[in-house]
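Some notes on the structure that comes next.
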Amino acid sequence: MRQAVFLIPAVVEVARRRALFTAAGIDVTTAIVASSHAQQQDLDDGRVDLAITATDNLFAWNAAGSDIALVAQIETTTDLALMLRPGLPSLDDLDPVRLAVDAPANGFAIVAYAMMSRLGRVPAQYEVVEVGGVRERFEALTQGTVDASLLAPPLDELGRGRGMTVAIRVHQLTPSYPGLGVVASRSRLEARLDEVAAYLHALDAARRWLREAPRDEVARELGSAGFGPSTVASALATAPTSLVPSDDGLKALTRLREELDMTVAGAPDAADFVELRPLRVAGLVPAS
């Protein structure tokens with residue numbers, strides 16, 4: 001199985017390190033991507049079988065002609081933080097703000113705009129700079145070529161170590177914002193349903209280990225993989241009770257777009273993204 005990710009999430013790293021993919025009978029290779037557009041193209045062209053991404057991307061991707069489904073949610077929420085570049089303690093005296101995003105009309109950019117609104121900034125008071133994925137945005141913040149951007153663990157923790165400041169976190173905006181999703185093209189699901197189910201079975205075993213193993217054992221395992229203390233704490237706090245996508249999370253995506261007047265013409269409803277067949281085949285939800 002080939003997966004496309006921006007960063008390797010904790011649950012995936014656990015599945016790899018504890019040989020859970022091997023136990024499920026699959027070999028997983030990982031492509032690190034630089035943008036959500038690259039993820040979409042890789043999925044559409046069949047270069048990857050799965051991607052781990054912001055579920056909001058599916059509005060824009062499917063409206064543009066893709067046919068990509070959400071098959072699982074690997075965390076209760078993504079612990080997003082709007083981070084300010086080193087040396088910038090607040091946005092109070094800055095106008096306009098250079099706001100770095102991956103894609104300006106989808107994904108975590110929607111959260112960034114909602115956060116700017118919560119901080120009292122209207123769109124005319126910030127300049128949207130299309131930089132790329134989270135690694136690229138982190139570097140842009142580090143170099144000071146932008147003023148603010150969204151980061152998630154472990155890069156928010158690294159950023160604080162480099163003098164970045166947290167302006168607002170996603171739980172202050174909407175506690176039900178959904179965590180990262182596992183997505184796949186529907187044609188790929190038809191061709192490799194059993195393999196996708198095996199992949200999800202391994203992730204579920206990793207999810208259960210994160211929730212059930214002693215905290216110090218989890219900290220040692222993730223720490224040896226390079227995850228810092230705050231990132232470990234976030235992984236523990238957001239480990240879900242199941243991989244089934246959250247109805248409340250899907251509603252939160254729709255609500256944020258409606259509040260920002262950014263609904264996507266021709267996009268399916270968020271609930272229509274969900275494809276539970278792989279989880280059913282894996283025995284992780286009841287058969288319908």
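In the structure tokens, chains take the letters A, B, ... in the order shown, each chain's residues start at 1, and ligands count up from 1 in the order shown.
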Determine, for each residue of segment 5-93 of chain A having at least one atom at most 10 Å from an atom of segment 258-268 of chain A, the closest pair of atoms and their separation in Å to one decimal, counting only C-alpha atoms; order by chain and ascending number, as a Markdown table.
```
| residue | atom | partner | partner_atom | distance |
| --- | --- | --- | --- | --- |
| A:Leu58 | CA | A:Ala267 | CA | 8.2 |
| A:Phe59 | CA | A:Ala267 | CA | 5.2 |
| A:Ala60 | CA | A:Val264 | CA | 6.6 |
| A:Trp61 | CA | A:Ala267 | CA | 8.3 |
| A:Asn62 | CA | A:Ala267 | CA | 6.1 |
| A:Ala63 | CA | A:Ala267 | CA | 4.4 |
| A:Ala64 | CA | A:Ala267 | CA | 8.2 |
| A:Gly65 | CA | A:Ala267 | CA | 9.4 |
```
Generate a file of the selected residues that holds C-alpha atoms, formatted as a short mmCIF file (atom, residue, chain, number, x, y, z; two decimals), in the first residue's frame.
```
data_model
loop_
_atom_site.label_atom_id
_atom_site.label_comp_id
_atom_site.auth_asym_id
_atom_site.auth_seq_id
_atom_site.Cartn_x
_atom_site.Cartn_y
_atom_site.Cartn_z
CA LEU A 58 -12.59 16.77 -0.27
CA PHE A 59 -15.00 19.66 -0.89
CA ALA A 60 -12.68 21.31 -3.41
CA TRP A 61 -11.17 18.10 -4.80
CA ASN A 62 -14.48 16.45 -5.61
CA ALA A 63 -16.03 19.67 -6.95
CA ALA A 64 -13.06 19.84 -9.33
CA GLY A 65 -13.74 16.36 -10.73
#
```
Practice task
May I have all residues of segment 52-224 of chain A that DSSP, computed from the backbone, assigns to helix (DSSP H, G or I), given as a VMD selection string?
Solution key: chain A and resid 57 to 63 109 to 118 123 to 125 134 to 143 155 to 161 170 to 173 186 to 212 215 to 224
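Candidate residues A:Ala197, A:Val97, A:Val28, A:Ala213 were compared for distance to Asp147 of chain A, and the nearest is A:Val97, using only C-alpha atoms.
You will find atom CA of Val170 of chain A at 6.3 Å from atom CA of Ala81 of chain A.
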Segment 14-110 of chain A near segment 246-252 of chain A within 9 Å: what's each residue's closest atom pair and its distance in Å to one decimal, counting only C-alpha atoms, ordered by chain then ascending residue number, as CSV?
```
residue,atom,partner,partner_atom,distance
A:Thr55,CA,A:Leu250,CA,8.3
A:Asp56,CA,A:Leu250,CA,8.6
A:Gln73,CA,A:Ser246,CA,7.5
A:Thr76,CA,A:Ser246,CA,7.9
A:Thr77,CA,A:Gly249,CA,8.3
```
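Closest approach to Thr241 of chain A from the set A:Ala31, A:Ala124, A:Ile74, A:Val182 is made by A:Ile74, with distances taken over only C-alpha atoms.
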Practice task
Give the answer as one residue: which of A:Leu50, A:Ala69, A:Gly283, A:Pro240 has the shortest atom-to-atom distance to Gly179 of chain A, using only C-alpha atoms?
Solution key: A:Pro240
Practice task
Determine, counting only C-alpha atoms, which protein, DNA and RNA residues have an atom within 10 Å of an atom of Ser242 of chain A; residues of the same chain fewer than 5 positions away are not included. Present the result as a PyMOL selection string.
Solution key: chain A and resi 72-76+204+207-208+284-285
Using C-alpha atoms, can you export the residues from the last selection as a compact mmCIF listing (two decimals), in the first residue's frame?
```txt
# COMPACT_ATOMS: atom_id res chain seq x y z
CA ALA A 72 -11.35 6.70 8.37
CA GLN A 73 -10.49 9.42 10.87
CA ILE A 74 -7.28 8.80 12.80
CA GLU A 75 -7.57 11.40 15.57
CA THR A 76 -10.43 13.11 17.37
CA ASP A 204 -6.91 0.41 14.58
CA ARG A 207 -4.98 3.34 17.90
CA ARG A 208 -5.91 0.86 20.62
CA LEU A 284 -14.34 -2.42 12.70
CA VAL A 285 -17.99 -1.41 12.17
```
